[in-house]
Amino acid sequence: PNGAQALAEMLKINITLRKLRLPWCGVGDEGVPLLAAALQENERLEVLDLRDNGITHVGAAELAAALTVKKTLRKLWLWNNRLGNAGVE
């Protein structure tokens with residue numbers, strides 16, 4: 001999750017980035033909590049692409065919790081992850 005940690009730190013201070021596309025980056029459930037926490041502080045990001053990152057229902061729950069706080073994110077792309085039925089409820 002070192003890459004996710006660096007991205008999370010950037011997202012916390014970002015004032016210009018509106019779209020972040022990270023397909024096939026291996027974020028996984030280990031990196032999602034870092035990104036989710038950063039999303040809660042970020043005021044600009046509108047699109048987050050996390051396709052094909054091995055995220056399961058565990059990571060999806062972390063993102064869902066962050067989105068209850070994060071109001072500017074308009075698009076979250078999660079297809080081709082391993083969410084299962086539990087991850088989409």
# chains A, B, ... in the order shown; residues from 1 in each chain; ligands from 1
$ select_by_dssp --residues "chain A" --states "strand (DSSP E)" --output "list of chain:residue names"
A:Lys19, A:Leu20, A:Arg21, A:Val47, A:Leu48, A:Asp49, A:Lys75, A:Leu76, A:Trp77
$ write_last_selection --atoms "N, CA, C and O atoms" --output "short mmCIF file (atom, residue, chain, number, x, y, z; two decimals), in the first residue's frame"
data_model
loop_
_atom_site.label_atom_id
_atom_site.label_comp_id
_atom_site.auth_asym_id
_atom_site.auth_seq_id
_atom_site.Cartn_x
_atom_site.Cartn_y
_atom_site.Cartn_z
N LYS A 19 -10.36 14.61 -11.47
CA LYS A 19 -10.51 13.22 -11.92
C LYS A 19 -9.24 12.46 -11.60
O LYS A 19 -8.14 12.92 -11.89
N LEU A 20 -9.41 11.28 -11.01
CA LEU A 20 -8.27 10.42 -10.71
C LEU A 20 -8.59 9.03 -11.23
O LEU A 20 -9.53 8.39 -10.77
N ARG A 21 -7.83 8.60 -12.21
CA ARG A 21 -8.05 7.29 -12.83
C ARG A 21 -6.92 6.35 -12.44
O ARG A 21 -5.77 6.60 -12.76
N VAL A 47 -14.40 12.50 -9.81
CA VAL A 47 -14.40 11.19 -10.47
C VAL A 47 -13.24 10.37 -9.93
O VAL A 47 -12.09 10.84 -9.92
N LEU A 48 -13.53 9.16 -9.47
CA LEU A 48 -12.49 8.24 -9.01
C LEU A 48 -12.69 6.90 -9.71
O LEU A 48 -13.74 6.27 -9.59
N ASP A 49 -11.70 6.50 -10.46
CA ASP A 49 -11.74 5.26 -11.24
C ASP A 49 -10.85 4.22 -10.56
O ASP A 49 -9.64 4.34 -10.56
N LYS A 75 -18.72 10.37 -9.50
CA LYS A 75 -18.58 9.09 -10.19
C LYS A 75 -17.52 8.26 -9.51
O LYS A 75 -16.40 8.73 -9.28
N LEU A 76 -17.88 7.04 -9.20
CA LEU A 76 -16.94 6.08 -8.62
C LEU A 76 -17.03 4.82 -9.46
O LEU A 76 -18.07 4.17 -9.50
N TRP A 77 -15.97 4.51 -10.16
CA TRP A 77 -15.96 3.36 -11.07
C TRP A 77 -15.29 2.19 -10.36
O TRP A 77 -14.11 2.24 -10.04
#
$ residues_around --residues "Gln5 in chain A" --least-positions-apart "6" --cutoff "12 Å" --atoms "only C-alpha atoms" --output "mmCIF file with C-alpha atoms, in the first residue's frame"
data_model
loop_
_atom_site.group_PDB
_atom_site.id
_atom_site.type_symbol
_atom_site.label_atom_id
_atom_site.label_comp_id
_atom_site.auth_asym_id
_atom_site.auth_seq_id
_atom_site.Cartn_x
_atom_site.Cartn_y
_atom_site.Cartn_z
ATOM 1 C CA LEU A 11 -5.530 13.741 -2.085
ATOM 2 C CA LYS A 12 -5.598 15.328 1.360
ATOM 3 C CA VAL A 27 -4.967 -0.876 -4.819
ATOM 4 C CA GLU A 30 -5.281 -2.880 1.776
ATOM 5 C CA GLY A 31 -5.082 0.480 0.003
ATOM 6 C CA VAL A 32 -8.768 1.398 0.098
ATOM 7 C CA PRO A 33 -8.864 2.574 3.755
ATOM 8 C CA LEU A 34 -6.062 5.040 3.023
ATOM 9 C CA LEU A 35 -7.853 6.412 -0.031
ATOM 10 C CA ALA A 36 -11.227 6.455 1.727
ATOM 11 C CA ALA A 37 -9.850 8.511 4.621
ATOM 12 C CA ALA A 38 -8.250 10.950 2.184
#
$ residues_around --residues "Asn14 in chain A" --least-positions-apart "2" --cutoff "9 Å" --atoms "only C-alpha atoms" --output "list in words"
Glu9, Met10, Leu11, Lys12, Thr16, Leu17, Asn42, Glu43, Arg44 and Leu45 of chain A
$ closest_residue --among "A:Leu78, A:Ala6, A:Ile15, A:Leu73" --to "Ala60 in chain A" --atoms "only C-alpha atoms"
A:Leu78
$ residues_around --residues "Trp24 in chain A" --least-positions-apart "3" --cutoff "10 Å" --atoms "only C-alpha atoms" --output "PyMOL selection string"
chain A and resi 21+27-28+49-54+80-81
$ atom_distance --atom1 "CA of Ala4 in chain A" --atom2 "CA of Glu62 in chain A"
14.2 Å
$ select_by_dssp --residues "chain A" --states "helix (DSSP H, G or I)" --output "ChimeraX atom specification"
/A:2-13,28-41,57-67,86-88
$ write_last_selection --atoms "N, CA and C atoms" --output "short mmCIF file (atom, residue, chain, number, x, y, z; two decimals), in the first residue's frame"
data_model
loop_
_atom_site.label_atom_id
_atom_site.label_comp_id
_atom_site.auth_asym_id
_atom_site.auth_seq_id
_atom_site.Cartn_x
_atom_site.Cartn_y
_atom_site.Cartn_z
N ASN A 2 2.14 1.20 -0.23
CA ASN A 2 2.95 2.43 -0.25
C ASN A 2 2.45 3.40 -1.30
N GLY A 3 2.07 2.89 -2.48
CA GLY A 3 1.53 3.76 -3.52
C GLY A 3 0.22 4.39 -3.10
N ALA A 4 -0.62 3.60 -2.44
CA ALA A 4 -1.90 4.13 -1.95
C ALA A 4 -1.67 5.18 -0.88
N GLN A 5 -0.66 4.97 -0.06
CA GLN A 5 -0.34 5.96 0.98
C GLN A 5 0.08 7.29 0.35
N ALA A 6 0.91 7.23 -0.67
CA ALA A 6 1.35 8.45 -1.35
C ALA A 6 0.17 9.15 -2.01
N LEU A 7 -0.70 8.38 -2.64
CA LEU A 7 -1.90 8.97 -3.27
C LEU A 7 -2.81 9.60 -2.23
N ALA A 8 -2.97 8.92 -1.11
CA ALA A 8 -3.82 9.45 -0.05
C ALA A 8 -3.29 10.78 0.48
N GLU A 9 -1.99 10.85 0.67
CA GLU A 9 -1.40 12.11 1.15
C GLU A 9 -1.63 13.24 0.13
N MET A 10 -1.50 12.91 -1.16
CA MET A 10 -1.73 13.91 -2.19
C MET A 10 -3.19 14.35 -2.20
N LEU A 11 -4.11 13.40 -2.06
CA LEU A 11 -5.53 13.74 -2.09
C LEU A 11 -5.93 14.65 -0.93
N LYS A 12 -5.28 14.50 0.20
CA LYS A 12 -5.60 15.33 1.36
C LYS A 12 -5.30 16.80 1.12
N ILE A 13 -4.29 17.08 0.30
CA ILE A 13 -3.91 18.48 0.08
C ILE A 13 -4.29 19.00 -1.31
N GLY A 28 -6.33 -2.77 -4.14
CA GLY A 28 -6.82 -3.82 -3.25
C GLY A 28 -7.46 -3.28 -1.98
N ASP A 29 -7.94 -4.21 -1.16
CA ASP A 29 -8.57 -3.84 0.10
C ASP A 29 -7.58 -3.18 1.06
N GLU A 30 -6.29 -3.46 0.89
CA GLU A 30 -5.28 -2.88 1.78
C GLU A 30 -5.13 -1.38 1.55
N GLY A 31 -5.26 -0.93 0.31
CA GLY A 31 -5.08 0.48 0.00
C GLY A 31 -6.35 1.31 0.12
N VAL A 32 -7.50 0.66 0.08
CA VAL A 32 -8.77 1.40 0.10
C VAL A 32 -8.96 2.23 1.37
N PRO A 33 -8.66 1.73 2.57
CA PRO A 33 -8.86 2.57 3.76
C PRO A 33 -8.07 3.88 3.70
N LEU A 34 -6.88 3.83 3.15
CA LEU A 34 -6.06 5.04 3.02
C LEU A 34 -6.72 6.04 2.08
N LEU A 35 -7.19 5.54 0.94
CA LEU A 35 -7.85 6.41 -0.03
C LEU A 35 -9.18 6.92 0.51
N ALA A 36 -9.92 6.05 1.18
CA ALA A 36 -11.23 6.46 1.73
C ALA A 36 -11.08 7.57 2.75
N ALA A 37 -10.09 7.46 3.62
CA ALA A 37 -9.85 8.51 4.62
C ALA A 37 -9.47 9.82 3.94
N ALA A 38 -8.66 9.74 2.90
CA ALA A 38 -8.25 10.95 2.18
C ALA A 38 -9.43 11.58 1.46
N LEU A 39 -10.32 10.74 0.93
CA LEU A 39 -11.49 11.27 0.24
C LEU A 39 -12.36 12.12 1.15
N GLN A 40 -12.41 11.76 2.41
CA GLN A 40 -13.23 12.52 3.35
C GLN A 40 -12.71 13.94 3.55
N GLU A 41 -11.43 14.15 3.31
CA GLU A 41 -10.83 15.47 3.46
C GLU A 41 -10.76 16.25 2.16
N HIS A 57 -15.78 -6.87 -1.09
CA HIS A 57 -16.84 -6.23 -0.32
C HIS A 57 -16.28 -5.47 0.88
N VAL A 58 -15.13 -5.87 1.37
CA VAL A 58 -14.50 -5.18 2.50
C VAL A 58 -14.09 -3.77 2.10
N GLY A 59 -13.41 -3.65 0.97
CA GLY A 59 -13.01 -2.34 0.47
C GLY A 59 -14.21 -1.50 0.06
N ALA A 60 -15.21 -2.15 -0.51
CA ALA A 60 -16.42 -1.43 -0.92
C ALA A 60 -17.11 -0.80 0.29
N ALA A 61 -17.11 -1.50 1.42
CA ALA A 61 -17.71 -0.96 2.64
C ALA A 61 -16.94 0.28 3.12
N GLU A 62 -15.62 0.24 3.01
CA GLU A 62 -14.79 1.40 3.39
C GLU A 62 -15.13 2.61 2.51
N LEU A 63 -15.25 2.36 1.22
CA LEU A 63 -15.59 3.46 0.30
C LEU A 63 -16.99 4.00 0.57
N ALA A 64 -17.93 3.09 0.83
CA ALA A 64 -19.31 3.53 1.11
C ALA A 64 -19.35 4.43 2.34
N ALA A 65 -18.59 4.08 3.37
CA ALA A 65 -18.54 4.90 4.58
C ALA A 65 -17.97 6.28 4.28
N ALA A 66 -16.93 6.32 3.45
CA ALA A 66 -16.33 7.61 3.09
C ALA A 66 -17.31 8.46 2.29
N LEU A 67 -18.11 7.82 1.47
CA LEU A 67 -19.04 8.58 0.62
C LEU A 67 -20.20 9.18 1.39
N ALA A 86 -22.31 -8.96 -1.51
CA ALA A 86 -22.17 -8.17 -0.29
C ALA A 86 -21.60 -6.78 -0.58
N GLY A 87 -20.81 -6.64 -1.62
CA GLY A 87 -20.18 -5.37 -1.93
C GLY A 87 -21.06 -4.38 -2.64
N VAL A 88 -22.21 -4.82 -3.09
CA VAL A 88 -23.10 -3.91 -3.82
C VAL A 88 -24.40 -3.64 -3.08
#
